[in-house]
$ cat my_file04.cif   # mmCIF, C-alpha atoms
data_work
loop_
_atom_site.label_atom_id
_atom_site.label_comp_id
_atom_site.auth_asym_id
_atom_site.auth_seq_id
_atom_site.Cartn_x
_atom_site.Cartn_y
_atom_site.Cartn_z
CA GLY A 269 23.58 3.47 10.20
CA SER A 270 20.49 3.92 8.09
CA SER A 271 17.91 1.20 7.49
CA PRO A 272 15.79 0.51 4.41
CA ALA A 273 12.91 -0.44 6.75
CA PHE A 274 12.61 2.76 8.82
CA THR A 275 14.03 6.15 9.74
CA LEU A 276 14.60 7.51 13.21
CA ALA A 277 14.93 11.16 14.16
CA PHE A 278 16.03 12.38 17.60
CA GLU A 279 15.24 15.83 18.99
CA PRO A 280 17.59 17.06 20.32
CA ARG A 281 20.09 14.99 18.37
CA SER A 282 23.02 15.93 20.58
CA GLY A 283 23.82 18.26 23.43
CA GLU A 284 25.22 18.47 26.90
CA LEU A 285 23.59 16.93 29.95
CA GLU A 286 24.24 18.77 33.22
CA ALA A 287 24.79 16.92 36.50
CA LYS A 288 21.55 15.30 37.73
CA GLN A 289 19.66 16.80 34.77
CA VAL A 290 16.72 14.93 33.25
CA LEU A 291 16.28 15.51 29.54
CA LYS A 292 13.36 14.35 27.43
CA ILE A 293 14.35 13.27 23.96
CA ARG A 294 11.69 13.02 21.29
CA ILE A 295 12.15 10.04 18.96
CA THR A 296 10.23 10.02 15.68
CA TYR A 297 9.94 6.62 14.00
CA THR A 298 8.84 6.46 10.36
CA ALA A 299 8.23 3.06 8.76
CA LEU A 300 9.35 2.80 5.15
CA THR A 301 8.11 -0.74 4.52
CA ALA A 302 5.51 -2.98 6.10
CA GLY A 303 6.83 -5.63 8.47
CA VAL A 304 8.26 -6.32 11.91
CA VAL A 305 11.19 -4.30 13.23
CA ASP A 306 13.19 -5.67 16.17
CA GLU A 307 16.45 -3.77 16.56
CA VAL A 308 18.96 -2.89 19.26
CA LEU A 309 20.25 0.67 19.02
CA GLY A 310 23.21 2.24 20.79
CA CYS A 311 23.69 5.80 21.97
CA LYS A 312 27.26 6.96 22.62
CA VAL A 313 27.59 8.94 25.82
CA PHE A 314 30.88 10.74 26.45
CA GLY A 315 32.48 9.39 29.62
CA CYS A 316 30.74 6.01 29.54
CA SER A 317 32.78 2.98 28.54
CA LEU A 318 29.81 1.31 26.84
CA PRO A 319 27.07 2.80 24.69
CA LEU A 320 23.62 3.23 26.20
CA GLY A 321 21.49 0.63 24.43
CA PHE A 322 17.78 0.42 23.87
CA GLY A 323 15.50 -1.84 21.89
CA LEU A 324 13.22 -0.78 19.09
CA ARG A 325 10.21 -2.93 18.31
CA ALA A 326 7.43 -2.08 15.90
CA THR A 327 5.03 -3.77 13.54
CA ALA A 328 4.49 -1.53 10.53
CA LYS A 329 1.32 -2.18 8.60
CA ALA A 330 0.67 -1.26 5.00
CA ALA A 331 -2.21 0.90 3.93
CA VAL A 332 -5.49 -0.95 3.47
CA LEU A 333 -7.34 0.12 0.33
CA ALA A 334 -10.73 -1.00 -0.95
CA TYR A 335 -11.99 -0.59 -4.50
CA GLU A 336 -15.53 -0.82 -5.76
CA LEU A 337 -17.29 -0.17 -9.04
CA LEU A 338 -20.00 2.49 -9.04
CA GLU A 339 -23.07 2.53 -11.22
CA ASP A 340 -23.99 5.67 -13.17
CA GLY A 341 -25.35 8.24 -10.74
CA GLN A 342 -24.37 6.18 -7.68
CA ALA A 343 -22.76 8.29 -4.95
CA PRO A 344 -19.35 7.19 -3.70
CA PRO A 345 -19.28 5.63 -0.23
CA SER A 346 -19.12 8.08 2.65
CA ALA A 347 -15.99 8.51 4.75
CA LEU A 348 -15.70 6.31 7.82
CA CYS A 349 -14.76 9.31 9.97
CA ASP A 350 -13.23 12.76 9.76
CA PRO A 351 -9.89 12.47 7.89
CA THR A 352 -8.18 14.52 10.61
CA GLU A 353 -8.81 11.71 13.16
CA VAL A 354 -5.56 9.93 14.03
CA GLN A 355 -7.28 6.63 14.85
CA LEU A 356 -10.60 5.15 13.81
CA PRO A 357 -13.15 5.90 16.57
CA ASP A 358 -14.22 2.91 18.69
CA ASP A 359 -17.84 3.12 17.51
CA VAL A 360 -16.88 2.76 13.82
CA GLN A 361 -16.65 -0.73 12.35
CA LEU A 362 -14.05 -1.23 9.64
CA PRO A 363 -15.76 -2.71 6.57
CA ILE A 364 -14.56 -6.01 5.16
CA VAL A 365 -12.27 -5.40 2.20
CA PRO A 366 -13.91 -7.00 -0.85
CA PRO A 367 -11.84 -8.68 -3.56
CA LEU A 368 -10.62 -6.46 -6.38
CA PRO A 369 -13.39 -5.79 -8.89
CA SER A 370 -13.12 -7.07 -12.42
CA LEU A 371 -13.06 -4.35 -15.06
CA ASP A 372 -15.44 -6.12 -17.43
CA PHE A 373 -16.49 -3.89 -20.34
CA GLY A 374 -18.63 -6.60 -21.93
CA ASP A 375 -18.37 -9.07 -24.78
CA ASP A 376 -19.44 -6.67 -27.54
CA VAL A 377 -17.16 -3.60 -27.62
CA PRO A 378 -16.87 -2.19 -31.15
CA LEU A 379 -13.49 -0.83 -32.21
CA PHE A 380 -12.89 2.84 -31.41
CA GLU A 381 -16.00 3.02 -29.20
CA ARG A 382 -15.48 4.30 -25.69
CA ARG A 383 -16.76 2.56 -22.63
CA LYS A 384 -16.30 3.97 -19.18
CA MET A 385 -16.50 2.84 -15.57
CA ARG A 386 -16.47 4.61 -12.25
CA ILE A 387 -14.28 3.27 -9.47
CA ALA A 388 -14.36 4.33 -5.83
CA VAL A 389 -11.10 3.94 -3.94
CA ARG A 390 -11.25 4.01 -0.14
CA ASN A 391 -8.30 4.23 2.19
CA LEU A 392 -9.38 2.23 5.25
CA SER A 393 -6.19 2.82 7.22
CA ALA A 394 -4.82 5.74 9.19
CA ILE A 395 -1.96 6.03 6.70
CA ALA A 396 -2.06 8.54 3.86
CA ALA A 397 -1.62 6.63 0.60
CA SER A 398 -0.83 8.12 -2.78
CA PHE A 399 -2.21 6.32 -5.81
CA ASN A 400 -1.80 6.32 -9.55
CA PHE A 401 -4.20 4.67 -11.98
CA GLY A 402 -3.00 3.74 -15.41
CA CYS A 403 -2.55 0.96 -17.89
CA SER A 404 0.62 -0.95 -18.48
CA LYS A 405 1.41 -2.84 -21.61
CA TYR A 406 1.98 -6.51 -21.08
CA PRO A 407 3.21 -8.81 -23.82
CA ALA A 408 0.43 -10.84 -25.38
CA GLU A 409 0.45 -14.60 -25.06
CA PRO A 410 1.39 -16.24 -28.35
CA LEU A 411 -1.44 -18.10 -30.04
CA PRO A 412 -1.08 -21.86 -30.13
CA PRO A 413 0.04 -23.11 -33.53
CA GLU A 414 -2.77 -24.23 -35.79
CA PRO A 415 -2.98 -27.98 -36.37
CA GLN A 416 -1.55 -29.10 -39.66
CA ARG A 417 -4.09 -29.96 -42.35
CA PHE A 418 -3.58 -32.79 -44.78
CA ALA A 419 -6.13 -33.54 -47.46
CA ASN A 420 -9.00 -31.74 -45.66
CA LYS A 421 -8.32 -33.61 -42.38
CA ILE A 422 -6.94 -32.34 -39.13
CA LEU A 423 -4.36 -34.50 -37.44
CA ASP A 424 -4.86 -34.66 -33.70
CA ASP A 425 -1.84 -34.55 -31.43
#
$ encode --input "my_file04.cif" --output "structure tokens"
Amino acid sequence: GSSPAFTLAFEPRSGELEAKQVLKIRITYTALTAGVVDEVLGCKVFGCSLPLGFGLRATAKAAVLAYELLEDGQAPPSALCDPTEVQLPDDVQLPIVPPLPSLDFGDDVPLFERRKMRIAVRNLSAIAASFNFGCSKYPAEPLPPEPQRFANKILDD
């Protein structure tokens, strides 16, 4: 059956194997989530009492992204290598992923005045990664109740 962790495609998917014939079957594995896959799969072969079994092991890794704030006029970081490369070349060191930057627009932002920032996003993995920047509305934390005042005095809790 299908798995939420991966897909497998076989080429050819089915056919007829002649006597003493050797047939190469191409298996395409596509990870759908990051994690370890350790499965036993069965292939039904007509005429065999038991399915032909094989193991599938893989460690799927998520995309590694790095973000950094850019100053006005600062050029974005250069690519680590040609994007058509399947793997990072041996002579290229993967940079350390810094913590996520804080989007600090300052302590004095007048209402209806625009402030802007530039962010560089780098995909440091060999996996294409789609992205979507945006803002989500989160409920505000309620303010603590004000202390009760009695005759110009505040009662402490």
$ resolve_selection --input "my_file04.cif" --expression "the PyMOL selection byres ((chain A and resi 343-350) around 8)" --output "PDB file with C-alpha atoms, in the coordinates of the input"
ATOM      1  CA  LEU A 338     -20.000   2.490  -9.040  1.00  0.00           C
ATOM      2  CA  GLY A 341     -25.350   8.240 -10.740  1.00  0.00           C
ATOM      3  CA  GLN A 342     -24.370   6.180  -7.680  1.00  0.00           C
ATOM      4  CA  PRO A 351      -9.890  12.470   7.890  1.00  0.00           C
ATOM      5  CA  THR A 352      -8.180  14.520  10.610  1.00  0.00           C
ATOM      6  CA  GLU A 353      -8.810  11.710  13.160  1.00  0.00           C
ATOM      7  CA  LEU A 356     -10.600   5.150  13.810  1.00  0.00           C
ATOM      8  CA  PRO A 357     -13.150   5.900  16.570  1.00  0.00           C
ATOM      9  CA  VAL A 360     -16.880   2.760  13.820  1.00  0.00           C
ATOM     10  CA  LEU A 362     -14.050  -1.230   9.640  1.00  0.00           C
ATOM     11  CA  ALA A 388     -14.360   4.330  -5.830  1.00  0.00           C
ATOM     12  CA  LEU A 392      -9.380   2.230   5.250  1.00  0.00           C
TER      13      LEU A 392
END
$ residues_near_point --input "my_file04.cif" --point "(-13.0, -6.2, -1.7)" --cutoff "8 Å" --atoms "all atoms listed in the file" --output "list of chain:residue names"
A:Ala334, A:Tyr335, A:Glu336, A:Ile364, A:Val365, A:Pro366, A:Pro367, A:Leu368, A:Pro369
$ residues_around --input "my_file04.cif" --residues "Gly310 (chain A)" --least-positions-apart "6" --cutoff "8 Å" --atoms "all atoms listed in the file" --output "JSON list (two decimals) with C-alpha atoms, in the coordinates of the input"
[["chain", "number", "residue", "atom", "x", "y", "z"],
["A", 319, "PRO", "CA", 27.07, 2.80, 24.69],
["A", 320, "LEU", "CA", 23.62, 3.23, 26.20],
["A", 321, "GLY", "CA", 21.49, 0.63, 24.43],
["A", 322, "PHE", "CA", 17.78, 0.42, 23.87]]
$ residues_around --input "my_file04.cif" --residues "Thr327 (chain A)" --least-positions-apart "5" --cutoff "9 Å" --atoms "all atoms listed in the file" --output "JSON, numbers by chain"
{"A": [299, 302, 303, 304, 305, 306]}
$ residues_around --input "my_file04.cif" --residues "Ala331 (chain A)" --least-positions-apart "5" --cutoff "8 Å" --atoms "only C-alpha atoms" --output "list in words"
Asn391, Leu392, Ser393, Ala394, Ile395, Ala396 and Ala397 of chain A
$ atom_distance --input "my_file04.cif" --atom1 "CA of Asp359 (chain A)" --atom2 "CA of Arg325 (chain A)"
28.7 Å
$ residues_around --input "my_file04.cif" --residues "Asp372 (chain A)" --least-positions-apart "5" --cutoff "12 Å" --atoms "all atoms listed in the file" --output "VMD selection string"
chain A and resid 337 377 383 to 386
